[in-house]
$ cat run.txt   # compact mmCIF, C-alpha atoms
# COMPACT_ATOMS: atom_id res chain seq x y z
CA MET D 1 0.00 0.00 0.00
CA ARG D 2 1.36 3.41 -0.93
CA LEU D 3 1.32 5.95 1.84
CA ASP D 4 1.02 9.19 -0.12
CA GLY D 5 -1.87 11.25 -1.44
CA ASP D 6 -5.04 12.28 0.37
CA GLY D 7 -7.74 10.63 2.42
CA PRO D 8 -7.02 7.35 4.27
CA ALA D 9 -3.30 7.56 3.50
CA ARG D 10 -2.98 10.57 5.79
CA VAL D 11 -4.55 8.58 8.62
CA LEU D 12 -2.00 5.81 8.05
CA ILE D 13 0.86 8.28 8.07
CA ALA D 14 -0.32 9.62 11.41
CA ALA D 15 -0.39 6.08 12.81
CA MET D 16 3.04 5.05 11.52
CA PRO D 17 5.04 5.52 14.75
CA THR D 18 3.11 2.70 16.43
CA LEU D 19 4.04 0.25 13.67
CA THR D 20 7.62 -0.08 14.87
CA ALA D 21 6.23 -1.83 17.95
CA ASP D 22 3.89 -4.03 15.94
CA PRO D 23 5.71 -6.02 13.25
CA THR D 24 2.62 -8.05 12.36
CA SER D 25 0.62 -4.91 11.56
CA PHE D 26 3.52 -3.57 9.50
CA VAL D 27 3.72 -6.78 7.45
CA ARG D 28 -0.04 -6.86 6.87
CA LEU D 29 -0.09 -3.20 5.83
CA GLU D 30 2.84 -3.38 3.43
CA THR D 31 2.18 -6.69 1.66
CA LEU D 32 -0.37 -8.68 -0.30
CA LEU D 33 -0.98 -12.43 0.02
CA ARG D 34 -0.16 -13.99 -3.33
CA PRO D 35 1.14 -17.26 -4.83
CA VAL D 36 4.88 -17.71 -5.23
CA PRO D 37 5.69 -17.83 -8.98
CA LEU D 38 7.73 -21.05 -9.04
CA VAL D 39 5.86 -22.57 -6.10
CA PRO D 40 2.19 -21.66 -6.58
CA GLU D 41 1.17 -24.22 -3.96
CA ILE D 42 2.46 -21.69 -1.42
CA ALA D 43 1.13 -18.15 -0.89
CA LEU D 44 3.16 -15.48 0.90
CA HIS D 45 2.65 -11.94 2.15
CA LEU D 46 4.80 -10.15 -0.44
CA ALA D 47 5.52 -6.53 -1.26
CA ASP D 48 3.64 -5.25 -4.30
CA GLU D 49 6.64 -3.13 -5.31
CA ALA D 50 10.22 -3.20 -4.10
CA LEU D 51 11.07 0.48 -3.73
CA PRO D 52 8.21 1.68 -1.47
CA ILE D 53 8.69 -0.96 1.23
CA TRP D 54 12.46 -0.54 1.11
CA GLN D 55 12.04 3.19 1.65
CA ARG D 56 9.46 2.68 4.40
CA THR D 57 11.77 0.31 6.24
CA GLU D 58 14.67 2.76 6.04
CA GLU D 59 12.57 5.73 7.10
CA GLU D 60 10.38 4.15 9.79
CA LEU D 61 12.45 1.28 11.12
CA GLY D 62 16.05 2.18 10.39
CA GLU D 63 16.43 3.92 13.73
CA ILE D 64 16.04 0.63 15.61
CA GLY D 65 18.67 -1.11 13.51
CA LEU D 66 16.63 -3.68 11.58
CA PRO D 67 17.91 -5.30 8.37
CA PRO D 68 16.30 -4.44 5.00
CA PRO D 69 12.93 -6.12 4.30
CA PHE D 70 14.29 -9.29 2.71
CA TRP D 71 11.24 -11.07 4.17
CA ALA D 72 8.93 -9.20 1.78
CA PHE D 73 10.18 -10.96 -1.36
CA ALA D 74 10.37 -14.51 -2.72
CA TRP D 75 14.06 -14.61 -3.61
CA ALA D 76 15.28 -16.87 -6.39
CA GLY D 77 17.34 -19.16 -4.16
CA GLY D 78 14.44 -19.77 -1.81
CA GLN D 79 12.01 -20.41 -4.66
CA ALA D 80 14.30 -23.00 -6.24
CA LEU D 81 14.92 -24.74 -2.92
CA ALA D 82 11.21 -24.78 -2.05
CA ARG D 83 10.34 -26.19 -5.48
CA HIS D 84 12.98 -28.90 -5.08
CA LEU D 85 11.64 -29.92 -1.68
CA LEU D 86 8.05 -30.19 -2.85
CA ASP D 87 9.14 -32.22 -5.88
CA HIS D 88 11.44 -34.44 -3.75
CA PRO D 89 9.73 -34.69 -0.33
CA GLY D 90 11.95 -37.57 0.71
CA ILE D 91 14.69 -35.03 1.44
CA VAL D 92 12.86 -33.89 4.60
CA ALA D 93 10.01 -36.34 5.25
CA GLY D 94 9.99 -37.44 8.88
CA LEU D 95 13.13 -35.46 9.74
CA ARG D 96 14.11 -32.48 11.89
CA VAL D 97 14.81 -29.52 9.60
CA LEU D 98 16.39 -26.08 9.94
CA ASP D 99 15.65 -23.29 7.45
CA PHE D 100 18.49 -20.81 7.95
CA ALA D 101 18.01 -17.09 7.19
CA SER D 102 14.38 -17.94 6.57
CA GLY D 103 13.08 -14.47 5.65
CA SER D 104 9.50 -14.97 4.50
CA GLY D 105 9.51 -18.59 5.72
CA LEU D 106 9.07 -19.92 2.17
CA VAL D 107 11.54 -22.80 2.49
CA ALA D 108 10.34 -23.69 6.00
CA ILE D 109 6.77 -23.85 4.71
CA ALA D 110 7.85 -26.08 1.82
CA ALA D 111 9.66 -28.39 4.25
CA ALA D 112 6.57 -28.64 6.45
CA LYS D 113 4.36 -29.34 3.44
CA ALA D 114 6.82 -32.00 2.28
CA GLY D 115 6.36 -33.90 5.53
CA ALA D 116 9.18 -32.83 7.84
CA ALA D 117 8.63 -34.04 11.40
CA ARG D 118 9.83 -30.75 12.90
CA VAL D 119 10.84 -27.49 11.24
CA GLU D 120 12.76 -24.61 12.77
CA ALA D 121 13.13 -21.31 10.94
CA ALA D 122 15.99 -19.00 11.93
CA ASP D 123 16.26 -15.29 11.21
CA ILE D 124 17.62 -12.36 13.22
CA ASP D 125 15.02 -9.89 11.88
CA THR D 126 11.99 -9.34 14.14
CA PHE D 127 9.85 -8.42 11.14
CA ALA D 128 10.87 -11.60 9.33
CA HIS D 129 9.43 -13.58 12.23
CA ALA D 130 6.15 -11.72 11.96
CA ALA D 131 6.07 -12.40 8.21
CA MET D 132 6.96 -16.08 8.48
CA GLN D 133 4.28 -16.70 11.13
CA LEU D 134 1.62 -14.97 9.02
CA ASN D 135 2.78 -16.99 6.03
CA ALA D 136 2.75 -20.26 7.99
CA GLU D 137 -0.83 -19.59 9.07
CA ALA D 138 -1.87 -18.76 5.50
CA ASN D 139 -0.50 -22.11 4.34
CA GLY D 140 -1.85 -24.25 7.18
CA VAL D 141 1.52 -25.25 8.65
CA SER D 142 3.50 -24.42 11.77
CA PHE D 143 7.14 -24.29 12.77
CA ARG D 144 9.33 -22.97 15.56
CA SER D 145 11.08 -19.63 15.11
CA LEU D 146 14.67 -19.10 16.24
CA THR D 147 15.34 -15.40 16.72
CA HIS D 148 19.06 -15.29 17.57
CA ASP D 149 22.20 -15.73 15.48
CA ILE D 150 22.57 -19.51 15.36
CA VAL D 151 25.70 -19.68 13.21
CA GLY D 152 28.11 -21.98 15.01
CA GLU D 153 25.38 -23.88 16.85
CA ASP D 154 24.34 -27.48 16.27
CA LEU D 155 20.98 -28.52 17.66
CA GLY D 156 21.04 -31.90 15.96
CA TRP D 157 19.18 -31.07 12.76
CA ASP D 158 18.92 -33.85 10.19
CA VAL D 159 18.54 -31.42 7.30
CA VAL D 160 19.74 -27.82 6.99
CA LEU D 161 18.33 -25.59 4.23
CA ALA D 162 19.63 -22.17 3.17
CA GLY D 163 18.44 -19.96 0.31
CA ASP D 164 20.25 -16.88 -1.01
CA ILE D 165 22.91 -16.45 1.68
CA ALA D 166 25.94 -15.43 -0.42
CA TYR D 167 25.46 -11.67 -0.70
CA GLU D 168 28.23 -10.42 1.60
CA ARG D 169 31.80 -11.72 1.72
CA ASP D 170 32.46 -12.04 5.45
CA THR D 171 29.00 -13.33 6.29
CA ALA D 172 29.13 -15.89 3.48
CA ALA D 173 32.54 -17.16 4.62
CA ARG D 174 31.31 -17.57 8.19
CA VAL D 175 28.04 -19.25 7.21
CA PHE D 176 29.51 -21.66 4.67
CA ALA D 177 32.19 -22.78 7.13
CA TRP D 178 29.40 -23.59 9.59
CA LEU D 179 27.30 -25.38 6.97
CA GLU D 180 30.29 -27.48 5.94
CA HIS D 181 30.88 -28.39 9.59
CA LEU D 182 27.26 -29.52 9.90
CA ALA D 183 27.56 -31.53 6.68
CA HIS D 184 30.77 -33.16 7.93
CA ARG D 185 29.05 -34.42 11.08
CA GLY D 186 26.23 -35.89 8.99
CA ALA D 187 23.58 -33.23 8.42
CA ASP D 188 22.06 -33.12 4.95
CA VAL D 189 22.77 -29.56 3.73
CA TRP D 190 20.93 -28.01 0.75
CA ILE D 191 21.56 -24.52 -0.62
CA GLY D 192 19.51 -22.52 -3.12
CA ASP D 193 21.47 -19.85 -4.98
CA PRO D 194 21.32 -18.11 -8.40
CA GLY D 195 25.05 -17.46 -8.56
CA ARG D 196 25.52 -14.69 -6.00
CA SER D 197 28.95 -13.11 -5.78
CA TYR D 198 30.24 -14.99 -2.73
CA LEU D 199 28.92 -18.48 -3.41
CA PRO D 200 31.89 -20.89 -3.00
CA ARG D 201 31.09 -22.91 -6.13
CA GLU D 202 34.36 -24.83 -5.96
CA ARG D 203 33.22 -26.39 -2.67
CA LEU D 204 29.72 -27.27 -3.87
CA GLU D 205 28.08 -29.61 -6.32
CA LYS D 206 25.04 -28.61 -8.36
CA VAL D 207 22.07 -30.93 -7.90
CA ALA D 208 19.35 -29.20 -9.93
CA GLU D 209 18.64 -25.97 -11.79
CA TYR D 210 15.45 -23.96 -12.27
CA GLY D 211 14.33 -20.91 -14.23
CA VAL D 212 12.84 -18.74 -11.48
CA PRO D 213 10.47 -15.85 -12.27
CA VAL D 214 11.73 -12.74 -10.45
CA SER D 215 11.21 -8.99 -10.44
CA ARG D 216 13.46 -6.71 -12.47
CA GLU D 217 13.27 -4.31 -9.51
CA LEU D 218 15.36 -6.82 -7.55
CA GLU D 219 17.29 -8.77 -10.17
CA ASP D 220 18.83 -8.12 -13.58
CA THR D 221 16.30 -10.25 -15.46
CA GLU D 222 12.77 -11.62 -15.31
CA ILE D 223 13.92 -15.26 -15.22
CA LYS D 224 16.85 -16.11 -12.96
CA ARG D 225 18.71 -19.37 -13.55
CA THR D 226 18.99 -20.74 -10.04
CA ALA D 227 20.63 -23.90 -8.75
CA VAL D 228 20.20 -26.18 -5.78
CA TRP D 229 23.61 -27.05 -4.36
CA ARG D 230 25.14 -29.39 -1.81
CA PRO D 231 28.58 -29.33 -0.16
CA ARG D 232 31.08 -31.59 -1.88
CA ALA D 233 32.00 -34.74 -0.03
CA HIS D 234 35.47 -34.62 1.51
$ encode --input "run.txt" --output "structure tokens"
Amino acid sequence: MRLDGDGPARVLIAAMPTLTADPTSFVRLETLLRPVPLVPEIALHLADEALPIWQRTEEELGEIGLPPPFWAFAWAGGQALARHLLDHPGIVAGLRVLDFASGSGLVAIAAAKAGAARVEAADIDTFAHAAMQLNAEANGVSFRSLTHDIVGEDLGWDVVLAGDIAYERDTAARVFAWLEHLAHRGADVWIGDPGRSYLPRERLEKVAEYGVPVSRELEDTEIKRTAVWRPRAH
């Protein structure tokens, strides 16, 4: 919803300061529930346009130090990973699953729909947790949210899923070292990524590839070739 012009918009502008304390209201106000392009079995609360919500987050929420609204979009890596899980439910069926950097909760929802025994979704963004819980409810599933930085922890997950985590050099290095450690001890690690800058391709093997519909506002194309990866065996 745009917050300019006359009439009701002015009422919303006057009410904005309270939204910082109510992530669920913010998510509802700024998104529409719609099917995910590559995974139409799942509907998410998604931003109608990229720029307005990005600006709103910077203006209204930047003062409390929240990350950008990654939770408001179905990123290519997450879409590919969710599609792969629904098409190959045996990856997670009956198992304990972690969706790392969950954002909207798309991959966690796909894991739950594919029959995982228990799903945990981790993200450090308070607004992501509001979005993922609204999205879980909309899709008739449930999972546990982990709100702290879990990198370096091992809670005994059978399967660890991560979509689009290779944006920033230092973070990617830290996260992939952790994922490789989990894989070495026996966790089944799956990564969805369209070839981001800091993806360590030399340490991964490509399992599948999808053409993912995306927005030109966020990507450089309308169809993003996106792969599902796994750590190479040592």
$ atom_distance --input "run.txt" --atom1 "atom CA of D:Gln79" --atom2 "atom CA of D:Phe143"
18.5 Å
$ residues_around --input "run.txt" --residues "stretch 91-101 of chain D" --least-positions-apart "4" --cutoff "8 Å" --atoms "all atoms listed in the file" --output "number ranges by chain"
D: 85, 105, 107-108, 111, 114-124, 157-163, 165
$ write_last_selection --input "run.txt" --atoms "C-alpha atoms" --output "mmCIF file, in the coordinates of the input"
data_model
loop_
_atom_site.group_PDB
_atom_site.id
_atom_site.type_symbol
_atom_site.label_atom_id
_atom_site.label_comp_id
_atom_site.auth_asym_id
_atom_site.auth_seq_id
_atom_site.Cartn_x
_atom_site.Cartn_y
_atom_site.Cartn_z
ATOM 1 C CA LEU D 85 11.640 -29.920 -1.680
ATOM 2 C CA GLY D 105 9.510 -18.590 5.720
ATOM 3 C CA VAL D 107 11.540 -22.800 2.490
ATOM 4 C CA ALA D 108 10.340 -23.690 6.000
ATOM 5 C CA ALA D 111 9.660 -28.390 4.250
ATOM 6 C CA ALA D 114 6.820 -32.000 2.280
ATOM 7 C CA GLY D 115 6.360 -33.900 5.530
ATOM 8 C CA ALA D 116 9.180 -32.830 7.840
ATOM 9 C CA ALA D 117 8.630 -34.040 11.400
ATOM 10 C CA ARG D 118 9.830 -30.750 12.900
ATOM 11 C CA VAL D 119 10.840 -27.490 11.240
ATOM 12 C CA GLU D 120 12.760 -24.610 12.770
ATOM 13 C CA ALA D 121 13.130 -21.310 10.940
ATOM 14 C CA ALA D 122 15.990 -19.000 11.930
ATOM 15 C CA ASP D 123 16.260 -15.290 11.210
ATOM 16 C CA ILE D 124 17.620 -12.360 13.220
ATOM 17 C CA TRP D 157 19.180 -31.070 12.760
ATOM 18 C CA ASP D 158 18.920 -33.850 10.190
ATOM 19 C CA VAL D 159 18.540 -31.420 7.300
ATOM 20 C CA VAL D 160 19.740 -27.820 6.990
ATOM 21 C CA LEU D 161 18.330 -25.590 4.230
ATOM 22 C CA ALA D 162 19.630 -22.170 3.170
ATOM 23 C CA GLY D 163 18.440 -19.960 0.310
ATOM 24 C CA ILE D 165 22.910 -16.450 1.680
#
$ closest_residue --input "run.txt" --among "D:Ala177, D:Ala76, D:Ala128, D:Ala50" --to "D:Asp164" --atoms "only C-alpha atoms"
D:Ala76
$ closest_residue --input "run.txt" --among "D:Pro37, D:Pro67, D:Gly156, D:Pro52" --to "D:Arg185" --atoms "only C-alpha atoms"
D:Gly156
$ residues_near_point --input "run.txt" --point "(19.4, -25.3, -0.3)" --cutoff "8 Å" --atoms "all atoms listed in the file" --output "list in words"
Gly77, Gly78, Leu81, Val160, Leu161, Ala162, Gly163, Val189, Trp190, Ile191, Gly192, Asp193, Val228, Trp229 and Arg230 of chain D
$ atom_distance --input "run.txt" --atom1 "atom CA of D:Asn139" --atom2 "atom CA of D:Leu155"
26.1 Å
$ atom_distance --input "run.txt" --atom1 "atom CA of D:Gln55" --atom2 "atom CA of D:Thr31"
14.0 Å
$ residues_near_point --input "run.txt" --point "(29.1, -18.3, -10.6)" --cutoff "12 Å" --atoms "only C-alpha atoms" --output "tab-separated table (two decimals) with C-alpha atoms, keeping the file's coordinate frame"
chain	number	residue	atom	x	y	z
D	166	ALA	CA	25.94	-15.43	-0.42
D	193	ASP	CA	21.47	-19.85	-4.98
D	194	PRO	CA	21.32	-18.11	-8.40
D	195	GLY	CA	25.05	-17.46	-8.56
D	196	ARG	CA	25.52	-14.69	-6.00
D	197	SER	CA	28.95	-13.11	-5.78
D	198	TYR	CA	30.24	-14.99	-2.73
D	199	LEU	CA	28.92	-18.48	-3.41
D	200	PRO	CA	31.89	-20.89	-3.00
D	201	ARG	CA	31.09	-22.91	-6.13
D	202	GLU	CA	34.36	-24.83	-5.96
D	204	LEU	CA	29.72	-27.27	-3.87
D	206	LYS	CA	25.04	-28.61	-8.36
D	225	ARG	CA	18.71	-19.37	-13.55
D	226	THR	CA	18.99	-20.74	-10.04
D	227	ALA	CA	20.63	-23.90	-8.75
